[in-house]
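To be precise, the following lines are start.cif, and they hold mmCIF, C-alpha atoms.
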```
data_upload
loop_
_atom_site.label_atom_id
_atom_site.label_comp_id
_atom_site.auth_asym_id
_atom_site.auth_seq_id
_atom_site.Cartn_x
_atom_site.Cartn_y
_atom_site.Cartn_z
CA MET A 14 -219.35 186.04 24.49
CA ALA A 15 -221.72 187.07 21.72
CA SER A 16 -224.42 189.40 23.02
CA ASN A 17 -227.75 187.63 23.66
CA PRO A 18 -226.67 184.23 22.27
CA SER A 19 -229.39 182.47 20.30
CA LEU A 20 -231.18 179.33 21.47
CA VAL A 21 -229.21 177.09 19.11
CA MET A 22 -225.84 178.46 20.24
CA ARG A 23 -226.83 178.07 23.90
CA ILE A 24 -227.91 174.47 23.30
CA LEU A 25 -224.69 173.79 21.42
CA SER A 26 -222.61 175.42 24.15
CA ALA A 27 -224.37 173.37 26.84
CA SER A 28 -223.92 170.23 24.72
CA VAL A 29 -220.17 170.75 24.48
CA ALA A 30 -219.98 171.19 28.26
CA VAL A 31 -222.10 168.14 29.06
CA SER A 32 -220.24 165.98 26.51
CA ASN A 33 -217.09 166.55 28.57
CA ARG A 34 -218.83 165.37 31.73
CA ALA A 35 -220.39 162.38 29.96
CA SER A 36 -216.97 161.36 28.64
CA ASN A 37 -215.56 161.46 32.17
CA ILE A 38 -218.42 159.21 33.31
CA ILE A 39 -217.72 156.75 30.48
CA ARG A 40 -214.02 156.60 31.35
CA ASN A 41 -214.85 156.07 35.03
CA VAL A 42 -217.09 153.09 34.22
CA LEU A 43 -214.25 151.44 32.31
CA THR A 44 -211.79 152.15 35.13
CA LYS A 45 -214.07 150.47 37.67
CA GLY A 46 -214.23 147.40 35.45
CA ASP A 47 -217.92 146.50 35.80
CA LEU A 48 -219.37 147.30 32.38
CA GLY A 49 -222.85 145.97 33.18
CA ILE A 50 -223.38 144.65 29.64
CA VAL A 51 -226.95 144.05 28.49
CA GLU A 52 -227.81 142.58 25.07
CA LYS A 53 -230.67 144.63 23.59
CA GLY A 54 -230.78 142.60 20.38
CA LYS A 55 -228.55 140.93 17.82
CA ASN A 56 -225.21 142.80 17.71
CA ASP A 57 -226.78 145.52 19.86
CA LEU A 58 -225.20 145.96 23.28
CA GLN A 59 -225.77 148.39 26.12
CA THR A 60 -223.42 149.02 29.05
CA GLU A 61 -223.51 150.97 32.28
CA ALA A 62 -221.44 153.61 30.46
CA ASP A 63 -224.23 154.02 27.85
CA ARG A 64 -226.88 154.31 30.57
CA SER A 65 -224.98 156.67 32.84
CA ALA A 66 -223.83 158.94 30.00
CA GLN A 67 -227.40 159.26 28.73
CA ARG A 68 -228.70 160.05 32.22
CA CYS A 69 -226.08 162.81 32.41
CA ILE A 70 -226.73 164.32 28.99
CA VAL A 71 -230.52 164.16 28.86
CA ALA A 72 -231.09 165.28 32.46
CA SER A 73 -228.64 168.17 32.13
CA LEU A 74 -230.03 169.47 28.84
CA HIS A 75 -233.62 169.01 30.03
CA LYS A 76 -232.94 171.16 33.09
CA GLN A 77 -231.56 173.92 30.91
CA PHE A 78 -234.03 173.60 28.01
CA PRO A 79 -237.22 172.07 29.46
CA ASN A 80 -239.35 172.84 26.41
CA VAL A 81 -237.03 171.28 23.82
CA ALA A 82 -237.61 167.69 22.64
CA ILE A 83 -234.72 165.33 23.45
CA PHE A 84 -234.39 161.75 22.20
CA GLY A 85 -231.72 159.37 23.45
CA GLU A 86 -230.78 155.91 22.22
CA GLU A 87 -231.23 154.09 25.50
CA GLN A 88 -234.61 153.22 27.04
CA LEU A 89 -234.31 154.30 30.68
CA ASP A 90 -236.74 154.70 33.58
CA PRO A 91 -237.95 158.33 33.46
CA GLN A 92 -238.65 158.21 37.22
CA GLU A 93 -235.08 157.26 38.06
CA THR A 94 -233.20 159.62 40.37
CA ILE A 95 -230.21 161.18 38.63
CA PRO A 96 -227.05 161.55 40.76
CA LYS A 97 -226.23 165.20 41.43
CA ASP A 98 -222.72 164.84 40.04
CA PHE A 99 -224.24 163.76 36.70
CA ILE A 100 -225.82 167.20 36.19
CA GLU A 101 -223.84 169.72 34.14
CA LEU A 102 -225.36 173.20 33.96
CA ASN A 103 -222.37 175.15 32.68
CA PHE A 104 -221.90 176.50 29.17
CA ASP A 105 -218.80 176.30 27.01
CA GLU A 106 -217.62 179.88 26.67
CA GLU A 107 -215.63 179.23 23.50
CA VAL A 108 -218.81 178.30 21.62
CA LEU A 109 -220.59 181.42 22.86
CA LYS A 110 -217.85 183.65 21.44
CA HIS A 111 -219.16 182.86 17.96
CA THR A 112 -222.03 184.66 16.26
CA CYS A 113 -225.01 182.52 15.36
CA PRO A 114 -225.69 182.17 11.62
CA GLU A 115 -228.55 184.41 10.54
CA TYR A 116 -230.91 181.58 9.59
CA LEU A 117 -230.86 180.21 13.16
CA LYS A 118 -231.22 183.42 15.15
CA ASP A 119 -235.01 183.26 15.54
CA THR A 120 -235.23 179.54 16.31
CA LYS A 121 -237.88 178.66 18.92
CA ASP A 122 -238.02 175.78 21.39
CA GLU A 123 -240.65 173.94 19.36
CA ASP A 124 -238.41 174.05 16.25
CA VAL A 125 -235.64 172.04 17.92
CA VAL A 126 -235.05 168.33 18.46
CA ILE A 127 -231.89 167.07 20.19
CA TRP A 128 -230.69 163.57 19.23
CA VAL A 129 -228.36 161.85 21.72
CA ASP A 130 -226.20 158.76 21.34
CA PRO A 131 -224.47 158.66 24.73
CA LEU A 132 -221.87 156.12 23.60
CA ASP A 133 -221.52 155.42 19.90
CA GLY A 134 -219.45 152.31 19.26
CA THR A 135 -220.58 150.21 22.23
CA ALA A 136 -219.31 146.93 20.75
CA GLU A 137 -215.88 148.45 20.27
CA PHE A 138 -215.99 149.89 23.80
CA THR A 139 -216.51 146.40 25.24
CA GLN A 140 -213.70 144.99 23.07
CA GLY A 141 -211.11 147.64 23.93
CA PHE A 142 -211.14 149.64 20.69
CA LEU A 143 -211.41 152.84 22.70
CA ASP A 144 -210.47 155.27 19.94
CA HIS A 145 -213.66 154.24 18.08
CA VAL A 146 -215.92 155.48 20.89
CA THR A 147 -217.73 158.83 20.61
CA VAL A 148 -220.45 160.78 22.40
CA LEU A 149 -222.93 162.26 19.91
CA ILE A 150 -225.30 165.19 20.48
CA GLY A 151 -227.09 166.40 17.35
CA ILE A 152 -229.31 169.47 17.05
CA SER A 153 -232.00 169.64 14.39
CA VAL A 154 -234.13 172.66 13.52
CA LYS A 155 -237.40 172.10 11.68
CA GLY A 156 -236.21 168.61 10.77
CA ASN A 157 -232.77 169.66 9.49
CA ALA A 158 -229.51 168.60 11.17
CA VAL A 159 -227.83 171.99 11.68
CA ALA A 160 -225.39 171.62 14.59
CA GLY A 161 -223.67 168.87 16.49
CA VAL A 162 -221.08 167.68 18.98
CA VAL A 163 -218.85 164.63 18.58
CA HIS A 164 -216.70 163.93 21.65
CA GLN A 165 -213.94 161.31 21.68
CA PRO A 166 -213.30 160.29 25.31
CA TRP A 167 -210.10 158.41 24.51
CA PHE A 168 -208.50 160.58 21.84
CA ASN A 169 -204.71 160.45 22.46
CA PHE A 170 -205.09 157.49 24.85
CA GLU A 171 -202.04 155.84 23.28
CA LYS A 172 -199.98 159.03 23.56
CA PRO A 173 -198.92 159.53 27.20
CA GLY A 174 -198.41 163.14 28.18
CA LEU A 175 -200.98 164.54 25.74
CA PRO A 176 -204.48 165.68 26.82
CA LEU A 177 -206.96 162.81 26.90
CA GLY A 178 -210.10 163.30 24.84
CA ARG A 179 -211.26 165.98 22.43
CA CYS A 180 -214.52 167.65 21.45
CA ILE A 181 -215.43 168.48 17.85
CA TRP A 182 -218.44 170.72 17.26
CA GLY A 183 -219.91 172.53 14.30
CA VAL A 184 -222.77 174.55 12.88
CA ILE A 185 -223.81 174.78 9.24
CA GLY A 186 -222.98 178.33 8.20
CA LEU A 187 -220.35 178.79 10.92
CA GLY A 188 -217.92 175.92 10.41
CA ALA A 189 -216.49 173.13 12.54
CA PHE A 190 -213.94 173.29 15.35
CA GLY A 191 -211.72 171.07 17.48
CA PHE A 192 -209.75 169.14 14.85
CA GLU A 193 -207.08 169.47 12.18
CA ARG A 194 -208.24 169.00 8.61
CA GLU A 195 -206.07 167.42 5.94
CA THR A 196 -206.54 166.86 2.22
CA PRO A 197 -207.59 163.30 1.38
CA PRO A 198 -205.10 161.37 -0.79
CA SER A 199 -205.66 162.17 -4.46
CA ASN A 200 -204.00 159.02 -5.85
CA LYS A 201 -206.36 156.45 -4.32
CA VAL A 202 -209.88 155.92 -3.00
CA ILE A 203 -210.30 155.10 0.69
CA VAL A 204 -213.70 154.00 1.98
CA THR A 205 -214.74 153.42 5.58
CA THR A 206 -217.55 151.14 6.71
CA SER A 207 -218.75 149.16 9.70
CA ARG A 208 -216.45 146.90 11.63
CA SER A 209 -219.07 145.13 13.76
CA HIS A 210 -222.29 145.36 11.68
CA SER A 211 -221.26 143.99 8.31
CA ASP A 212 -222.96 141.55 5.95
CA ARG A 213 -222.84 140.66 2.26
CA MET A 214 -224.83 143.71 1.18
CA VAL A 215 -222.63 146.10 3.21
CA THR A 216 -219.53 144.52 1.68
CA GLU A 217 -220.90 144.54 -1.87
CA ALA A 218 -221.80 148.25 -1.67
CA VAL A 219 -218.27 149.06 -0.51
CA GLU A 220 -216.67 146.92 -3.21
CA ALA A 221 -218.81 148.64 -5.88
CA CYS A 222 -216.99 151.90 -5.10
CA ASN A 223 -213.72 150.28 -6.27
CA PRO A 224 -211.75 151.33 -3.20
CA ASP A 225 -207.99 151.00 -3.01
CA GLU A 226 -208.32 150.68 0.75
CA VAL A 227 -211.19 149.88 3.15
CA VAL A 228 -211.07 151.13 6.75
CA ARG A 229 -213.40 149.12 8.99
CA VAL A 230 -214.09 150.92 12.25
CA GLY A 231 -216.85 151.18 14.81
CA GLY A 232 -219.31 154.00 15.34
CA ALA A 233 -220.93 156.39 12.86
CA GLY A 234 -219.37 159.32 14.69
CA HIS A 235 -215.88 157.90 14.32
CA LYS A 236 -216.37 157.19 10.61
CA VAL A 237 -217.52 160.75 9.88
CA LEU A 238 -214.56 162.09 11.87
CA LEU A 239 -212.29 160.16 9.50
CA LEU A 240 -214.05 161.97 6.65
CA ILE A 241 -213.78 165.48 8.01
CA GLU A 242 -210.14 164.94 8.96
CA GLY A 243 -209.37 163.90 5.38
CA LYS A 244 -208.36 160.32 6.17
CA VAL A 245 -211.01 158.70 3.96
CA HIS A 246 -213.09 159.75 0.96
CA ALA A 247 -216.41 158.08 1.73
CA TYR A 248 -218.43 156.30 4.41
CA VAL A 249 -220.60 153.59 2.85
CA PHE A 250 -223.12 151.62 4.92
CA ALA A 251 -225.77 149.58 3.08
CA SER A 252 -227.85 148.67 6.10
CA LYS A 253 -231.09 149.69 7.78
CA GLY A 254 -229.52 149.49 11.23
CA CYS A 255 -228.25 153.06 11.67
CA LYS A 256 -230.51 155.45 13.61
CA LYS A 257 -231.17 159.18 13.82
CA TRP A 258 -229.06 159.66 16.96
CA ASP A 259 -226.16 158.01 15.10
CA THR A 260 -226.20 160.47 12.19
CA CYS A 261 -227.66 163.81 13.30
CA ALA A 262 -224.52 165.25 14.92
CA PRO A 263 -222.05 163.79 12.37
CA GLU A 264 -224.20 164.98 9.45
CA ALA A 265 -224.36 168.54 10.77
CA ILE A 266 -220.60 168.73 11.30
CA LEU A 267 -219.85 167.15 7.92
CA HIS A 268 -222.17 169.60 6.15
CA ALA A 269 -220.56 172.45 8.10
CA VAL A 270 -217.28 171.72 6.30
CA GLY A 271 -218.88 171.22 2.88
CA GLY A 272 -219.33 167.45 2.90
CA THR A 273 -222.50 165.49 2.22
CA LEU A 274 -224.50 162.82 4.06
CA THR A 275 -227.58 161.23 2.49
CA ASP A 276 -229.30 157.89 2.19
CA PHE A 277 -228.64 155.60 -0.81
CA HIS A 278 -231.24 157.51 -2.84
CA GLY A 279 -229.46 160.85 -2.40
CA ILE A 280 -232.02 162.09 0.15
CA ARG A 281 -230.93 164.28 3.05
CA MET A 282 -232.69 162.87 6.11
CA ASN A 283 -235.49 164.30 8.26
CA TYR A 284 -234.75 164.70 11.99
CA SER A 285 -238.17 165.89 13.15
CA ALA A 286 -239.59 164.50 16.39
CA ASP A 287 -242.16 162.28 14.67
CA VAL A 288 -239.91 160.48 12.16
CA GLN A 289 -239.03 156.81 12.48
CA ARG A 290 -235.78 156.31 14.35
CA LYS A 291 -234.09 153.95 11.89
CA ASN A 292 -232.26 155.22 8.82
CA THR A 293 -233.72 152.52 6.59
CA GLY A 294 -232.30 154.09 3.43
CA GLY A 295 -228.70 153.34 4.33
CA VAL A 296 -225.97 155.94 4.86
CA LEU A 297 -223.57 157.45 2.34
CA ALA A 298 -221.27 160.27 3.44
CA THR A 299 -218.52 161.97 1.43
CA VAL A 300 -216.24 164.99 1.42
CA ALA A 301 -216.44 165.38 -2.37
CA ASP A 302 -217.88 163.66 -5.46
CA HIS A 303 -221.00 162.51 -3.64
CA GLY A 304 -222.88 161.89 -6.87
CA LYS A 305 -220.12 159.65 -8.21
CA PHE A 306 -220.11 157.47 -5.11
CA LEU A 307 -223.90 157.42 -5.16
CA GLY A 308 -223.83 156.22 -8.75
CA CYS A 309 -221.51 153.36 -7.82
CA ILE A 310 -224.16 151.71 -5.67
CA PRO A 311 -225.71 148.75 -7.53
CA GLU A 312 -229.37 149.14 -8.38
CA HIS A 313 -230.43 146.03 -6.46
CA ILE A 314 -228.82 147.36 -3.28
CA ARG A 315 -230.45 150.75 -3.71
CA ASP A 316 -233.80 149.02 -4.31
CA ALA A 317 -233.35 147.10 -1.05
CA MET A 318 -233.03 150.39 0.85
CA ASP A 319 -236.12 152.45 1.68
CA LYS A 320 -236.42 156.06 0.58
CA SER A 321 -235.94 158.26 3.63
CA SER A 322 -238.34 160.93 4.74
CA PRO A 323 -236.58 164.02 3.30
CA ALA A 324 -235.50 166.94 5.46
CA PRO A 325 -238.16 169.69 5.28
CA GLU A 326 -237.26 172.86 3.44
CA LEU A 327 -235.43 175.37 5.61
CA ASP A 328 -234.42 178.86 4.57
CA PHE A 329 -230.65 178.83 5.09
CA LYS A 330 -230.52 182.47 3.92
CA GLY A 331 -227.89 182.08 1.25
CA ILE A 332 -225.87 179.28 2.83
CA VAL A 333 -225.46 176.36 0.42
CA VAL A 334 -226.02 173.02 2.13
CA CYS A 335 -224.46 170.10 0.30
CA GLY A 336 -226.79 167.16 -0.02
CA GLY A 337 -229.57 165.76 -2.15
CA ALA A 338 -227.17 164.70 -4.91
CA ASP A 339 -228.53 164.33 -8.43
CA LEU A 340 -229.05 160.58 -8.56
CA GLU A 341 -230.09 160.44 -12.22
CA LYS A 342 -226.96 162.33 -13.27
CA ALA A 343 -224.87 159.96 -11.17
CA LYS A 344 -226.46 156.98 -12.94
CA GLN A 345 -225.72 158.52 -16.35
CA ASN A 346 -222.06 158.82 -15.35
CA ASN A 347 -222.09 155.17 -14.26
CA GLY A 348 -220.72 156.23 -10.91
CA GLN A 349 -217.14 156.46 -12.13
CA VAL A 350 -214.85 156.84 -9.11
CA SER A 351 -211.23 156.13 -9.92
CA ALA A 352 -209.76 158.47 -7.34
CA ALA A 353 -212.08 160.83 -5.56
CA LYS A 354 -211.21 164.28 -6.85
CA ASN A 355 -210.50 166.93 -4.26
CA PRO A 356 -212.32 170.17 -5.09
CA SER A 357 -210.22 173.09 -6.20
CA PRO A 358 -210.36 176.33 -4.21
CA GLU A 359 -212.62 177.75 -6.91
CA GLU A 360 -214.99 174.77 -6.62
CA ASN A 361 -214.97 175.07 -2.85
CA ALA A 362 -215.93 178.71 -3.13
CA GLU A 363 -218.86 177.81 -5.35
CA SER A 364 -220.06 174.93 -3.16
CA LYS A 365 -220.27 176.72 0.17
CA SER A 366 -220.61 180.21 1.53
CA SER A 367 -217.63 182.14 2.81
CA SER A 368 -218.84 181.78 6.40
CA ASP A 369 -218.93 178.00 6.01
CA LYS A 370 -215.37 177.47 4.75
CA VAL A 371 -212.75 175.55 6.70
CA PRO A 372 -209.61 175.62 4.51
CA ASN A 373 -207.54 172.44 4.49
CA ASP A 374 -204.49 174.18 5.92
CA VAL A 375 -206.22 175.84 8.86
CA ASN A 376 -205.75 174.42 12.37
CA THR A 377 -209.25 174.39 13.80
CA LYS A 378 -208.37 173.25 17.29
CA LEU A 379 -210.14 175.08 20.09
#
```

Would you mind writing the structure in this file as structure tokens?
Amino acid sequence: MASNPSLVMRILSASVAVSNRASNIIRNVLTKGDLGIVEKGKNDLQTEADRSAQRCIVASLHKQFPNVAIFGEEQLDPQETIPKDFIELNFDEEVLKHTCPEYLKDTKDEDVVIWVDPLDGTAEFTQGFLDHVTVLIGISVKGNAVAGVVHQPWFNFEKPGLPLGRCIWGVIGLGAFGFERETPPSNKVIVTTSRSHSDRMVTEAVEACNPDEVVRVGGAGHKVLLLIEGKVHAYVFASKGCKKWDTCAPEAILHAVGGTLTDFHGIRMNYSADVQRKNTGGVLATVADHGKFLGCIPEHIRDAMDKSSPAPELDFKGIVVCGGADLEKAKQNNGQVSAAKNPSPEENAESKSSSDKVPNDVNTKL
């Protein structure tokens, strides 16, 4: 364990531990068979798994960090008694072995907001697409997504004999852990987008990127995992329906490996406590060539998306954070994306600090 672990590393360590418990709760709800489905709005479902997982995560983190702001997706009764077996007060020791990046060492309680999506991909959960489901816990500091946890409760569920579930976590300036990274195909463009929240504008934005293949899956967390694993080149979602708890954790992990997540105006989003919850500027995430994909988006679609409140300036102390692509330059290039170019080792070295590198051939499993 690192001596005197910082606040951010302790929150991250606790988040990894509680994500494991929340995933067990989610699996148990499915096993019992009573999902307790509630329709919150059009194409917006909530189940007992969502509710129970949020009770577990928020109550556990609040007990450990009572002065840190925590926002969860589900609206629950704050006076409700939380079952004792929902409380997880342990820390993940593997996380605490790592040294906190310098820019986060002096973080105070009031600097931090935790964004929780207890079950991302609820529609897919109710339909049996279990590999789409994730638990998301994002950590922002002074409005910037800096660390996150994405837990897949049913990873390997179709592979008997292998461990069920996995936890991916990351910190900008430290890297990301818990997965194997591959190089995206260089001879074609693969784009992922929503499976259950699609419309004409979503489809048109995807088609404008001239993809050779479109992967439609559920959950923002799952889509960004496809990116960081090298299975797709871009995540394109021209909708105002995504929310801060959907993107905070995935954005932090994607940026930790040198990728980029912005709105459709090239703005890296603000995760402060007082921002609006919806990402009304749309979501564009890439592992490379962000400006080219950004330039592919038709002007009328970009105009239909709001400009996001930008992430406040944060001194990353020499760590280069990808994001805030040059939109005007992208327009001048007409957003040409024939096959998304994988950065060379030299380009990788220029685009991120040495402490933030996760080489394509490195096994980053815990």

Report as an MDAnalysis selection string all protein, DNA and RNA residues lying within 12 Å of stretch 16-21 of chain A, evaluated on all atoms listed in the file, omitting residues in the same chain fewer than 3 positions from it.
chainID A and resid 24:28 77:78 80:81 104 106 108:127 151:154 158:161 183:185

Just how far from atom CA of A:Lys76 is atom CA of A:Gln165, in Å to one decimal?
24.3 Å

Got a sec to resolve the PyMOL selection byres ((chain A and resi 318-321) around 12) on this structure and send the residues as number ranges by chain?
A: 214-215, 218, 250-254, 256-257, 275-284, 288-297, 310-317, 322-325, 337

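With all atoms listed in the file as the atoms that count, the residue of A:Ser207, A:Trp258, A:Lys155, A:Pro166 with the shortest distance to A:Glu87 is A:Trp258.
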
Which residue is closest to A:Ile266? Choose from A:Gly156, A:Pro173, A:Gly191, A:Gly232 and count all atoms listed in the file.
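Using all atoms listed in the file, A:Ile266 sits closest to A:Gly191.
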
Which residues are close to A:Ile203, i.e. within 12 Å by only C-alpha atoms, leaving aside same-chain residues fewer than 3 positions away? Reply as a count of residues only.
33

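The gap separating atom CA of A:Ala66 from atom CA of A:Pro96 is 11.5 Å, in Å to one decimal.
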
Separating atom CA of A:Thr196 from atom CA of A:Ile332, to the nearest tenth of an Å, is a gap of 23.0 Å

Near A:Leu43, counting all atoms listed in the file, which residues have an atom at most 12 Å away, once you skip same-chain residues fewer than 5 positions from it, shown as a list in words?
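With the cut-off at 12 Å, the set is Ser36, Asn37, Ile38, Leu48, Gly49, Ile50, Thr60, Glu61, Ala62, Asp63, Ser65, Thr135, Phe138, Thr139, Gln140, Gly141, Leu143, Pro166 and Trp167 of chain A.
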
Given all atoms listed in the file as the counted atoms, nearest of A:Val162, A:Val29, A:Ala269, A:Val148 to A:Leu187:
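So, comparing all the options, the nearest one is A:Ala269.
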
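Residue nearest A:Ser209 within the list A:Val237, A:Ala286, A:Leu58, A:Ala136: A:Ala136 [criterion: smallest interatomic distance, only C-alpha atoms].
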
Would you kindly translate the PyMOL selection byres ((chain A and resi 168) around 10) into the concrete residues it picks from this file, as a PyMOL selection string?
chain A and resi 143-147+164-167+169-172+175-180

Near A:Asp259, within 8 Å and counting only C-alpha atoms, which residues show up once chain neighbours fewer than 5 positions away are dropped, as a PyMOL selection string?
chain A and resi 129-130+133+149+232-234

For A:Gly134, which residue among A:Val202, A:Gly231, A:His210, A:His268 is the nearest when counting all atoms listed in the file?
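Of all the options, A:Gly231 lies closest to A:Gly134.
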
Of the residues A:Glu137, A:Val270, A:Gly186, A:Arg213, which is the one nearest to A:Phe329, using all atoms listed in the file?
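That would be A:Gly186, the residue with the smallest distance to A:Phe329.
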
Which residues fall under the PyMOL selection byres ((chain A and resi 98-101) around 7) in this file, as a list in words?
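Evaluating the PyMOL selection byres ((chain A and resi 98-101) around 7) on this file yields Val31, Cys69, Ala72, Ser73, Ile95, Pro96, Lys97, Leu102 and Asn103 of chain A.
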
Pull C-alpha atoms from the residues just selected and write them as a CSV table (one decimal), in the coordinates of the input.
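This went into part-v3.csv:
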```
chain,number,residue,atom,x,y,z
A,31,VAL,CA,-222.1,168.1,29.1
A,69,CYS,CA,-226.1,162.8,32.4
A,72,ALA,CA,-231.1,165.3,32.5
A,73,SER,CA,-228.6,168.2,32.1
A,95,ILE,CA,-230.2,161.2,38.6
A,96,PRO,CA,-227.0,161.6,40.8
A,97,LYS,CA,-226.2,165.2,41.4
A,102,LEU,CA,-225.4,173.2,34.0
A,103,ASN,CA,-222.4,175.2,32.7
```
